[in-house]
Structures are given as C-alpha cells and as structure tokens.
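Student: Have a look at the structure that comes next, please.
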Amino acid sequence: MSVGTERDRLTDNLQLIPFVEHRHVTLLHELLRQNTARLSLGFLGIVIALAIFAPLVAPYDPADPNYANTFASPSLQHPFGTDSFGRDILTRIIYGARISLFVGLSVIILAMTVGISIGLTAGFYSKTPIETVLMRFIDALLAFPGIILALVIMSVLGPSLRNVIIAISIAQVPGFARLAHGTVLSIKEEEYIMSARAAGSSNFKIIRRYLLPNAAPTLIVQATIVFAFAILDEAALSFLGVGSQPPTPSFGLMILEGQQYLGDSFWLAFFPGVAIMLTVLSLNFLGDALRDVLDPKYDSD
Amino acid sequence: MDSDLRDFILRRVVQIPVVLFLVSVIVFYIIHLPEGGPEALLSGQAGDEAIREFRDRYNLNEPLYVQYLLWIQGILTGSLGTSITTNQPVASLIASRLPVTLMLGFFSVAISVMIAVPAGYISAVEQYTWKDHTATVLAFVGLSIPNFFLAILLIKLFSVELGWLPITASGQMFSDWSLTLKSMVLPSLALGTALAAHVTRILRSSMLDIYSEEYVHVARAKGLPEKMVNRSIVFKNALIPVITIVMLQMGYVLGATVIIEEVFAMPGLGRLMLNSVVGRDYPVMQAVVLLYATAYLVFNLIADVAYGLVDPRIKYGGEH
C-alpha cells in the first residue's frame, strides 16, 4: 500500500469488487433483508412517486398566493400550514421534492459522465503528460474545501437552478474521476485485459466489457452518496441566497424564508427541513446497505 | 523518523505550492471568465468615467495573464489588493475576520470530539446492544440533517423558546467574553454535529477492527482485564485513524463556516467570503478562497503524516 492523497484513501474504502453477473438478481433481494434498507427504499419510493405525480397529488398550486390565509398553522386543510404568501407548505414540499430529485439525478449524470471520461482518459494514457495534466487538475479541484468551489462558480454563473446543477456537478467530478482512474490502473495490467487487447478489442470495447462492470458496484455506492450530497448542497446554496431563486419551491429557500418567522410560525422552516433530512437519511441508509451487499470485503461491523 | 517518511513528508510539502498554483489559476480564471469581467459589478450604477477609472485601478486593461501575475506578485509581497465594496485593504479585512472563524472551528471540533469519543467507544465496546443501535441511528441522523436546519432547530429551542443562549454576540464579540463564549455554543453544535456523527462511526469501526488483531488476543490470554484491553490497547490504537479523519473532515468544517456564520450573523471569514460572492467583490473572494484552500491542504498534510507515522505497513515508494 502506498500513500497517495487523502481521497485515494477515501476511495480505498470503496474497494473494487469483481463483478458477478447474478448479483443483479439477488441485489434487491439481499437489500430487502435489511430493515433500514427496506424502510429507506420504501420512503424514497414514496418521495419519487410524489415528485413525479406532483400536479396530481398536490392539494394546491405551489406558486398561487392567498393573501387572505397567510401564516395559517397546520390544520386539516393545510397539514403543514401556509407560508407568508398563504401558499400551502405541503404542496410546496411535494414540488420541492421534484427539484431535489431533479438536481440529484442531473448532478449524478453530469458528474459521472465528465468524471469517468477524465478518469478513463488519464488511466489509458497513464505515464504520459495527459495523465499528469488531467489528474493534477483533479487534485486542484479537490483542494477546495466543502461547498466553496460551488460558491465561487455560482458567483460567476449567477443564481439559477441550472447553474446550481453545474456548480455542484463540477465539485463532484473529482470523486468519479479518481474512481475511474483507479479502476483502469488496477486492472490495466491484468492478463484478461492484455489478451482482449491482443485479440484486437478496441478501447471502447474494453471499457464496456471489462472496466465498467468492474467498477459498477463501487460506482453505484458512490452515486448514492453523491445524490445525498447534491440534495444537501442545493439546499445550502439556495439557503445562502445564491442558488435557486424565489418563487422556486426549493427546500433551502423555504427554510431561508421560515428562518424569519421562528417565533410564531415555526412550521415554515420545520417541515421543509424534515423533508430534506428524511430524504438524505434514506439515501445514507441505502448507500450503507448497498455497500454491505455489494462489497463482501467491506465490513461495517 | 526514518528517511523514507522524511522524503515522503518533504514530497508532500513540495506538492503544496504546485496545487496552490493550480488553485490560484482556477480561481482567477473562473472569476475573470464571464463577458464584461469583474467590472460588470459596477455597470448600471456607474458612468463611463467611473468604469474607466475602475478598470485602471484594478489593472483590468492588462492582458489576463498579466493581471494574474500582478495578483500573484501582490500576494508574494504581502499585498492582497483592496476590496471593491468597502475600499479596505483585503489583508486587514481578513485579519479582522479570522479570529471569529478560528474560534468557531476550534469549538466545533472540540464539541464533536467530546460527543464522538464516548459515543464511538460505547458503540464498539457494547456492540449490538441498544446503546450501539441508538448511537448508530443518531450518527446517521447527524450525517443527514443539513447543518443550517439544525442551527435553526437549536435557535428555536435554546434561544427563542427557552432563552438560555444568545443567537449572536452582535457588536460585543471579543469585548464581552462571557457573551462571546455563550454565543459560540449553538453555532459550534450546529457545525460540529455532522463531524461528531462521522467520527463516532470511524471510532467504532476502527476499534472493532483492532479487536481482531493478534496483539489483543495475546493481551487477553495473558490475563489483562477487559477494561484495560478496551482502554489502553484498543482505544489508543484506534485514535490514529480518528485523528486522520478529523483532519480530512476539516474540508467540511471550513465549508460549513460559510453557512453557519451566515445563520448566526457572525463576523467571520466565511461570511466575508459569502458577501464577496454575492457582491462579486473579486479581490476579497480570490484571497479568501486561496486562504481556505491553503488551510485545507495543510490539514491534509497533517492527516497524511499522522497516518504514515503510525502505520508501518505503508511504504513511501511514490506513485502506485
């Protein structure tokens, strides 16, 4: 074992597992044997369904103000109360789930595509200047702590949901790049890759047939974690006022608004906060369970 | 310290300026990328004359690489430029904001260690008991709750409802020490909870790893009481990964200062950074971001060294 930087060690935890075909079938089965995973999957299922069918299930319009009924406390008509514009908070949370899931999914797709491309390129051209340039660039991105990089990018792009997705994705690229780079390096010299190459397989075929299947379990776990991070970061950026802008029903914005009314109308901030927390909690439990199931070497106990 | 380790540390120290150089280039170019450049901030409210003056003052008429070199030259000679919005020297702005952030960081880490060490210890020693399960669930909740939402819950409970703790020391920061310390409790707790949750999990799993080591079996076979085994062997050896993790998590702590200082209206670096982002005060933003990145790199270096000092299995042979 040689010491790399800290991220090497973090990704070491998610060690690569040889891929076995029948895992597909048993994965869900094994997951469902764990209580926390069952609960998390159930909750996420409900959230996803609510988000998709928001216009059908939401009792009110998320943007429609009702100045006759502002700051209504939770009741049968408005289970989570109404906000300073008289908008139904339950409705806004259902639409907020849409935004959170959309951000999470977009960030995974963007960060994964860009990160894996960079990592694979660096891996295939290892020991060349291409690798050095790409991976040093990734190192530099990793030197920005926490959401600082996303903040700097937002300052230039300007606040909007699209820009939030771009900023968070850029901040999540290094993790995927490291993962892909490590995978290539670890199996590049394996005999079956050499023989595939000798038999005339193209780079693309080697990636599709050998590399991606090898990295798939680790990627799935990583994607779950990034999903949770993206939801938290979007909420944080919106809360700081540099993310989504009103009247978008983003969880972070709803908490920002509610912060002004902690004394008398606590529900404004409370319910959106609980919504983020439960969603992220489910993702974290799911990620943990996935790691247990997918990686026999990793023993959380 | 053997020569391998010394070489390794040296190599990491040499790497820091290289990464910092790249970081400075990235920050600089991100900021100067958009059409119109940094003076876009002024347009609308200023006439042509003012904009020309502004461009002269901040060297915006020079080619980009010259501007970059001027900035670096400034840093190396101790001049970070002046803030666009307040006209104050950036260096003195940073100096006046630094103490608050250092204090917040220190208390956050201290609180999280005070929570995590007993929680992780009990979780490992009494594995699979209700105590372990409780600690595990709480740790997951701590990792999942957004720190700004936790901050709001704490404010609601301890400030608004119970009135025990102030939300902010406002103007009395560092003049009224009792108020200053009290005002640090809620922010540190809001910031430190996620860290505490993380450290609890790491301490638990690294202690459980050590239980299966041969020297633990030997100690038990020789008749060492279980309490001694837990404390002086297992816990002590598990501390190193914990120190490493705390150092690596400083990235979270640094990033979270921006959010927590904003919630509690604390006059720290994080809030300075956020204001500079909102106001596009790029001389301030560049300097603060570079400072944050430097701090993070130093913490990473400490983590690597701590890790290397203790684990003799690690070879410092260079790249894999």
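Chains: A, B, ... in order of the structure tokens. Residues: from 1 per chain. Ligands: from 1, in order shown.
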What are the nearest atom pairs, with distances in Å to one decimal, for all residues of chain A that come at most 6 Å from chain B, using only C-alpha atoms, set out by chain and rising residue number as CSV?

Tutor:
```
residue,atom,partner,partner_atom,distance
A:Met1,CA,B:Ile314,CA,5.6
A:Ser2,CA,B:Lys315,CA,5.2
A:Ala140,CA,B:Val23,CA,5.4
A:Ala143,CA,B:Ala293,CA,5.5
A:Phe144,CA,B:Ala293,CA,5.2
A:Pro145,CA,B:Gly251,CA,4.2
A:Gly146,CA,B:Gly255,CA,4.3
A:Ile147,CA,B:Gly255,CA,5.5
A:Ile148,CA,B:Gly255,CA,5.8
A:Ser155,CA,B:Val277,CA,5.1
A:Gly273,CA,B:Phe149,CA,5.9
A:Met277,CA,B:Ile145,CA,4.8
A:Val280,CA,B:Ser144,CA,5.3
A:Leu281,CA,B:Ser144,CA,5.0
```

Student: When distances are computed from only C-alpha atoms, which of B:His198, B:Leu191, B:Leu102, B:Tyr29 shows the smallest separation from Ala135 in chain B?

Tutor: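 When distances to Ala135 in chain B are compared using only C-alpha atoms, the smallest one comes from B:His198.
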
Student: Which residues are near range 242-246 of chain A? Cut-off 12 Å, only C-alpha atoms, ignore same chain within fewer than 3 positions. Put them as a ChimeraX atom specification.

Tutor: /A:62-63,85,92,96,99-100,103,147,150-168,232-239,249-254,256-257 /B:259,274-280

Student: What lies within 6 Å of range 34-39 of chain A using only C-alpha atoms, ignoring chain neighbours under 3 positions off, as a short mmCIF file (atom, residue, chain, number, x, y, z; two decimals) with all heavy atoms, in the first residue's frame?

Tutor:
```
data_model
loop_
_atom_site.label_atom_id
_atom_site.label_comp_id
_atom_site.auth_asym_id
_atom_site.auth_seq_id
_atom_site.Cartn_x
_atom_site.Cartn_y
_atom_site.Cartn_z
N LEU A 31 -30.90 -6.68 -0.34
CA LEU A 31 -31.16 -5.37 0.25
C LEU A 31 -32.40 -5.42 1.13
O LEU A 31 -32.44 -4.89 2.23
CB LEU A 31 -31.38 -4.33 -0.85
CG LEU A 31 -30.19 -3.51 -1.30
CD1 LEU A 31 -30.66 -2.47 -2.28
CD2 LEU A 31 -29.51 -2.86 -0.11
N GLY A 42 -38.56 2.16 0.70
CA GLY A 42 -39.99 2.48 0.74
C GLY A 42 -40.20 3.98 0.74
O GLY A 42 -40.98 4.53 -0.06
N LEU A 286 -29.45 3.71 2.58
CA LEU A 286 -29.41 2.88 1.37
C LEU A 286 -27.97 2.68 0.90
O LEU A 286 -27.56 1.57 0.57
CB LEU A 286 -30.25 3.55 0.28
CG LEU A 286 -30.50 2.70 -0.97
CD1 LEU A 286 -31.33 1.49 -0.62
CD2 LEU A 286 -31.21 3.53 -2.04
#
```

Student: Identify, on the basis of only C-alpha atoms, every residue whose closest approach to Val90 in chain B does not exceed 9 Å; exclude the query and any residue fewer than 5 positions from it along the same chain; express the result as JSON, numbers by chain.

Tutor: {"B": [79, 80, 81, 82, 83, 95, 283, 284, 287, 288]}

Student: Please determine, counting only C-alpha atoms, which residue among A:Ala51, A:Leu28, A:Ala97, A:Leu41 has the shortest atom-to-atom distance to Ser282 in chain A.

Tutor: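 Smallest distance to Ser282 in chain A is found for A:Leu41.
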
Student: Nearest residue to Lys131 in chain B out of B:Ala119, B:Thr86, B:Asn59, B:Asn230, using only C-alpha atoms?

Tutor: B:Ala119

Student: Would you please extract all helix (DSSP H, G or I) residues from range 136-203 of chain A, as assigned by DSSP on the backbone, and give them as a ChimeraX atom specification?

Tutor: /A:136-142,148-157,161-188,191-198,203

Student: So that I can check the surroundings of Gly104 in chain A, please list as a PyMOL selection string every protein, DNA and RNA residue that reaches within 6 Å of it, counting only C-alpha atoms and ignoring chain neighbours fewer than 5 positions away.

Tutor: chain A and resi 227+230-231

Student: Measure the distance from CA of Lys205 in chain A to CA of Leu219 in chain A in Å and round it to one decimal.

Tutor: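 We find that CA of Lys205 in chain A and CA of Leu219 in chain A lie 18.9 Å from each other.
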
Student: Work out how far apart CA of Ile240 in chain B and CA of Val199 in chain B are and give it in Å to one decimal.

Tutor: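 Computing the Euclidean distance for CA of Ile240 in chain B and CA of Val199 in chain B yields 11.6 Å.
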
Student: Measuring atom to atom with only C-alpha atoms, identify which of B:Arg6, B:Arg231, B:Arg97, B:Lys222 is nearest to Ile122 in chain B.

Tutor: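 Smallest separation from Ile122 in chain B among the options: B:Arg231.
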
Student: Just want the 9 Å neighbourhood of Asp64 in chain A, counted on only C-alpha atoms, with same-chain residues fewer than 6 positions away dropped. Output as a PyMOL selection string.

Tutor: chain A and resi 85-88

Student: With N, CA, C and O atoms retained, export the selected residues as a short mmCIF file (atom, residue, chain, number, x, y, z; two decimals), in the first residue's frame.

Tutor:
```cif
data_model
loop_
_atom_site.label_atom_id
_atom_site.label_comp_id
_atom_site.auth_asym_id
_atom_site.auth_seq_id
_atom_site.Cartn_x
_atom_site.Cartn_y
_atom_site.Cartn_z
N PHE A 85 -47.00 33.96 2.00
CA PHE A 85 -47.86 34.33 0.88
C PHE A 85 -49.17 33.56 0.91
O PHE A 85 -49.95 33.61 -0.03
N GLY A 86 -49.37 32.78 1.99
CA GLY A 86 -50.57 31.96 2.07
C GLY A 86 -50.51 30.72 1.20
O GLY A 86 -51.52 30.08 0.93
N ARG A 87 -49.29 30.35 0.74
CA ARG A 87 -49.16 29.16 -0.09
C ARG A 87 -49.10 27.92 0.79
O ARG A 87 -48.51 27.94 1.87
N ASP A 88 -49.69 26.82 0.31
CA ASP A 88 -49.74 25.59 1.08
C ASP A 88 -48.35 24.94 1.15
O ASP A 88 -47.74 24.66 0.12
#
```
